[in-house]
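Chemist: Okay, so here is work-v8.txt, and as you'll see once you scroll down, it has compact mmCIF, C-alpha atoms and all ligand atoms.
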# COMPACT_ATOMS: atom_id res chain seq x y z
CA MET T 15 -13.11 -4.70 19.10
CA GLU T 16 -12.24 -4.53 15.39
CA GLN T 17 -8.82 -3.21 14.34
CA THR T 18 -7.40 -2.05 11.01
CA PHE T 19 -3.96 -1.34 9.62
CA ILE T 20 -3.45 2.14 8.19
CA MET T 21 -0.23 3.31 6.53
CA ILE T 22 0.60 6.88 5.54
CA LYS T 23 2.65 6.36 2.37
CA PRO T 24 5.93 8.25 1.66
CA ASP T 25 4.14 11.05 -0.23
CA GLY T 26 1.84 11.65 2.74
CA VAL T 27 4.82 11.91 5.10
CA GLN T 28 6.82 14.17 2.74
CA ARG T 29 3.83 16.47 2.22
CA GLY T 30 3.26 16.98 5.95
CA LEU T 31 -0.11 15.21 6.08
CA VAL T 32 0.61 12.97 9.08
CA GLY T 33 -1.07 15.19 11.67
CA GLU T 34 -4.09 15.87 9.44
CA ILE T 35 -4.64 12.15 8.79
CA ILE T 36 -4.24 11.11 12.43
CA SER T 37 -6.62 13.90 13.38
CA ARG T 38 -9.36 12.60 11.05
CA PHE T 39 -9.27 9.11 12.59
CA GLU T 40 -9.05 10.52 16.13
CA LYS T 41 -11.93 12.94 15.71
CA LYS T 42 -14.13 10.19 14.28
CA GLY T 43 -13.78 8.39 17.62
CA PHE T 44 -11.38 5.61 16.65
CA LEU T 45 -8.64 4.64 19.07
CA LEU T 46 -4.92 4.69 18.19
CA LYS T 47 -3.39 1.36 19.26
CA GLY T 48 -0.11 1.33 17.31
CA LEU T 49 2.06 4.01 15.69
CA LYS T 50 5.56 4.10 14.21
CA LEU T 51 7.57 5.92 11.54
CA LEU T 52 9.83 3.58 9.58
CA ASN T 53 11.57 2.87 6.29
CA VAL T 54 10.73 -0.50 4.80
CA GLU T 55 12.93 -2.67 2.61
CA GLN T 56 11.93 -3.87 -0.84
CA SER T 57 11.29 -7.45 0.34
CA PHE T 58 8.99 -6.17 3.09
CA ALA T 59 7.01 -3.96 0.68
CA GLU T 60 6.72 -6.93 -1.70
CA LYS T 61 5.34 -9.04 1.14
CA HIS T 62 2.80 -6.37 2.13
CA TYR T 63 1.58 -6.08 -1.48
CA ALA T 64 2.03 -9.81 -2.35
CA ASP T 65 -1.59 -10.04 -3.58
CA LEU T 66 -0.73 -7.51 -6.31
CA SER T 67 2.51 -9.14 -7.49
CA ALA T 68 1.06 -10.03 -10.90
CA LYS T 69 -0.14 -6.46 -11.61
CA PRO T 70 1.76 -4.35 -14.14
CA PHE T 71 2.11 -1.51 -11.60
CA PHE T 72 3.63 -3.79 -8.89
CA GLY T 73 7.26 -2.72 -9.48
CA GLY T 74 6.40 0.98 -9.40
CA LEU T 75 4.23 0.50 -6.32
CA VAL T 76 7.03 -1.20 -4.38
CA GLU T 77 9.51 1.49 -5.49
CA TYR T 78 7.08 4.16 -4.24
CA ILE T 79 6.59 2.51 -0.84
CA VAL T 80 10.34 2.16 -0.18
CA SER T 81 11.10 5.71 -1.40
CA GLY T 82 10.87 7.30 2.06
CA PRO T 83 9.57 6.78 5.59
CA VAL T 84 5.99 5.64 6.10
CA VAL T 85 3.78 5.89 9.18
CA ALA T 86 2.31 2.54 10.21
CA MET T 87 -0.71 2.60 12.49
CA VAL T 88 -3.30 0.37 14.09
CA TRP T 89 -6.72 1.94 14.70
CA GLU T 90 -9.52 0.33 16.66
CA GLY T 91 -13.29 0.75 16.79
CA LYS T 92 -16.63 -0.58 15.65
CA GLY T 93 -16.55 -1.16 11.89
CA VAL T 94 -13.13 0.52 11.62
CA VAL T 95 -12.02 -1.50 8.56
CA LYS T 96 -14.94 -0.40 6.36
CA THR T 97 -15.30 3.07 7.84
CA GLY T 98 -11.54 3.55 7.56
CA ARG T 99 -11.79 2.84 3.82
CA THR T 100 -14.64 5.37 3.59
CA ILE T 101 -12.52 8.01 5.37
CA ILE T 102 -9.65 7.23 2.95
CA GLY T 103 -11.74 7.33 -0.25
CA ALA T 104 -11.52 5.41 -3.54
CA THR T 105 -8.19 3.95 -4.72
CA ASN T 106 -8.05 6.42 -7.60
CA PRO T 107 -8.10 9.95 -6.12
CA ALA T 108 -9.88 11.17 -9.26
CA ALA T 109 -12.87 9.06 -8.14
CA SER T 110 -12.57 9.94 -4.43
CA ALA T 111 -15.25 12.22 -3.01
CA PRO T 112 -14.24 15.57 -1.54
CA GLY T 113 -14.08 15.15 2.23
CA THR T 114 -12.16 11.88 1.94
CA ILE T 115 -8.38 11.88 2.46
CA ARG T 116 -7.58 10.96 -1.15
CA GLY T 117 -10.37 13.24 -2.43
CA ASP T 118 -8.90 16.17 -0.54
CA PHE T 119 -5.15 15.56 -0.85
CA ALA T 120 -4.30 13.44 -3.92
CA ILE T 121 -4.51 13.50 -7.70
CA ASP T 122 -2.69 10.43 -9.09
CA ILE T 123 -3.46 6.78 -8.24
CA GLY T 124 0.26 6.09 -7.80
CA ARG T 125 0.58 8.89 -5.22
CA ASN T 126 -2.56 8.31 -3.19
CA VAL T 127 -1.11 9.17 0.23
CA ILE T 128 -2.52 6.37 2.38
CA HIS T 129 -3.27 2.65 2.63
CA GLY T 130 -6.02 0.98 4.64
CA SER T 131 -6.81 -2.73 5.05
CA ASP T 132 -9.66 -3.82 2.78
CA ALA T 133 -11.16 -6.54 5.01
CA VAL T 134 -10.99 -7.78 8.60
CA GLU T 135 -8.90 -10.82 7.51
CA SER T 136 -6.34 -8.68 5.66
CA ALA T 137 -6.23 -6.28 8.64
CA THR T 138 -5.28 -9.17 10.94
CA LYS T 139 -2.54 -10.28 8.51
CA GLU T 140 -1.19 -6.76 7.98
CA ILE T 141 -1.15 -5.92 11.71
CA ALA T 142 0.82 -9.14 12.35
CA LEU T 143 3.27 -8.23 9.55
CA TRP T 144 3.81 -4.59 10.58
CA PHE T 145 3.50 -4.96 14.37
CA PRO T 146 5.05 -8.36 15.24
CA GLU T 147 5.86 -6.86 18.67
CA GLY T 148 2.12 -6.35 19.30
CA VAL T 149 0.18 -3.15 19.90
CA ALA T 150 -0.70 -1.06 22.93
CA ASN T 151 -3.40 -2.23 25.29
CA TRP T 152 -5.40 0.73 26.59
CA GLN T 153 -8.96 2.00 26.60
CA SER T 154 -10.13 5.56 26.20
CA SER T 155 -12.16 6.99 29.06
CA LEU T 156 -14.46 8.41 26.37
CA HIS T 157 -15.78 4.94 25.50
CA SER T 158 -19.28 5.51 26.86
CA TRP T 159 -19.48 8.86 25.03
CA ILE T 160 -18.72 7.23 21.68
CA TYR T 161 -20.60 3.91 21.94
CA GLU T 162 -24.20 3.48 23.15
P1 LIG T 201 -4.14 0.35 -0.68
O1 LIG T 201 -3.93 -1.16 -0.67
O2 LIG T 201 -2.87 1.12 -0.89
O3 LIG T 201 -4.98 0.84 0.44
O4 LIG T 201 -4.98 0.67 -1.98
P2 LIG T 201 -6.32 0.02 -2.44
O5 LIG T 201 -6.68 -1.20 -1.62
O6 LIG T 201 -7.30 1.13 -2.48
O7 LIG T 201 -5.93 -0.44 -3.89
P3 LIG T 201 -5.17 -1.75 -4.42
O8 LIG T 201 -5.91 -2.22 -5.60
O9 LIG T 201 -4.89 -2.70 -3.29
O10 LIG T 201 -3.80 -1.12 -4.92
C1 LIG T 201 -2.76 -0.85 -4.03
C2 LIG T 201 -2.07 0.42 -4.44
O11 LIG T 201 -1.45 0.23 -5.71
C3 LIG T 201 -1.46 1.45 -6.41
N1 LIG T 201 -2.16 1.26 -7.68
N2 LIG T 201 -1.72 1.72 -8.82
N3 LIG T 201 -1.38 2.32 -11.56
C4 LIG T 201 -2.45 1.66 -11.18
O12 LIG T 201 -3.33 1.31 -11.94
C5 LIG T 201 -2.60 1.35 -9.77
N4 LIG T 201 -3.58 0.67 -9.21
C6 LIG T 201 -3.30 0.61 -7.89
C7 LIG T 201 -2.17 2.48 -5.56
O13 LIG T 201 -1.18 3.20 -4.82
C8 LIG T 201 -3.01 1.61 -4.64
O14 LIG T 201 -3.31 2.29 -3.45
Can I see the file as structure tokens?
Ligand code: RTP
Modeler:
Amino acid sequence: MEQTFIMIKPDGVQRGLVGEIISRFEKKGFLLKGLKLLNVEQSFAEKHYADLSAKPFFGGLVEYIVSGPVVAMVWEGKGVVKTGRTIIGATNPAASAPGTIRGDFAIDIGRNVIHGSDAVESATKEIALWFPEGVANWQSSLHSWIYE
């Protein structure tokens, strides 16, 4: 089954949005397979966002990610990478529809509360980076009530 990497950024943690965000993924029917609260170092944040290293906002982005604890998660389910991005909303909260996480809880692009993998390949890479110890192996007993 497909998995994605979701990170609640430092602003989301500071603003008390952790429960709300977890609740949205849970209620959708996705399965929580990994979860931890941690502070990351600059070199780790640079590795996570390596694809963006040439962007003018890279320095500010890394500074933002290391500014406080983040919540790293692995969520599993059919189409979870794409649907996860839909639940999160557009990168710029000003363009995010109401009902999405960024549409409901964010204003500025540089304080957009949450990250989600943008493709199955990047999800695999990000899960390996953030959860080198591996993730939990369990199945919900609700499986047959969520999938036909
Ligand atoms: P994320 O990786 O955090 O899920 O965001 P994303 O795919 O929607 O957007 P991406 O282009 O990968 O950008 C990563 C994060 O960098 C910040 N950003 N700032 N100032 C700017 O123009 C700008 N553009 C992007 C955002 O925090 C974005 O989520």
Chemist: As a ChimeraX atom specification, please: every protein or nucleic acid residue near ligand LIG 201 (chain T) (cut-off 10 Å, counting all atoms listed in the file).
Modeler: /T:19-23,62-66,69-76,78-79,99,102-107,116,122-133
Chemist: Determine the nearest neighbour of T:Arg38 from the options T:Ala68, T:Gly91, T:Ile101, T:Leu51, counting only C-alpha atoms.
Modeler: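 Between T:Ala68, T:Gly91, T:Ile101, T:Leu51, the residue approaching T:Arg38 most closely is T:Ile101.
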Chemist: When distances are computed from all atoms listed in the file, which of T:Ile36, T:Val84, T:Glu140, T:Gly43 shows the smallest separation from T:Trp159?
Modeler: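 Closest residue, counting all atoms listed in the file: T:Gly43.
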Chemist: Could you give me, as number ranges by chain, the residues within 12 Å of T:Lys50, counting only C-alpha atoms and dropping anything in the same chain fewer than 3 positions from it?
Modeler: T: 19-22, 32, 46-47, 53-54, 83-88, 144-145, 147, 149-150
Chemist: Closest to T:Thr97 among T:Ile121, T:Lys42, T:Lys61, T:Ser158, using all atoms listed in the file?
Modeler: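 Result for the nearest residue to T:Thr97: T:Lys42.
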Chemist: One decimal, in Å: what's the spacing between atom CA of T:Gly93 and atom CA of T:Gln17?
Modeler: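 Going from atom CA of T:Gly93 over to atom CA of T:Gln17 covers 8.4 Å.
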Chemist: If you count only C-alpha atoms, which residues fall within 10 Å of T:Glu16, apart from same-chain ones fewer than 2 positions away, as a short mmCIF file (atom, residue, chain, number, x, y, z; two decimals) with C-alpha atoms, keeping the file's coordinate frame?
Modeler:
data_model
loop_
_atom_site.label_atom_id
_atom_site.label_comp_id
_atom_site.auth_asym_id
_atom_site.auth_seq_id
_atom_site.Cartn_x
_atom_site.Cartn_y
_atom_site.Cartn_z
CA THR T 18 -7.40 -2.05 11.01
CA TRP T 89 -6.72 1.94 14.70
CA GLU T 90 -9.52 0.33 16.66
CA GLY T 91 -13.29 0.75 16.79
CA LYS T 92 -16.63 -0.58 15.65
CA GLY T 93 -16.55 -1.16 11.89
CA VAL T 94 -13.13 0.52 11.62
CA VAL T 95 -12.02 -1.50 8.56
CA VAL T 134 -10.99 -7.78 8.60
CA ALA T 137 -6.23 -6.28 8.64
CA THR T 138 -5.28 -9.17 10.94
#
Chemist: How far is it from atom CA of T:Gly148 to atom CA of T:Leu49, in Å with one decimal?
Modeler: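 Answer for the atom CA of T:Gly148 to atom CA of T:Leu49 separation: 11.0 Å.
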Chemist: Atom CA of T:Ala108 to atom CA of T:Lys139: how many Å, to one decimal?
Modeler: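 Computed distance, atom CA of T:Ala108 to atom CA of T:Lys139, equals 28.8 Å.
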Chemist: Around the point (11.4, 9.0, 2.7) in the file's coordinates, collect all residues with an atom within 7 Å, using only C-alpha atoms, and return them as a VMD selection string.
Modeler: chain T and resid 24 28 81 to 83
Chemist: Determine the nearest neighbour of T:Lys41 from the options T:Glu162, T:Ala109, T:Leu156, T:Leu143, counting all atoms listed in the file.
Modeler: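 That would be T:Leu156, the residue with the smallest distance to T:Lys41.
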Chemist: Which residue out of T:Val27, T:Leu45, T:Ile35, T:Ala120 has the minimum interatomic distance to T:Trp152 when all atoms listed in the file are used?
Modeler: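 Of all the options, T:Leu45 lies closest to T:Trp152.
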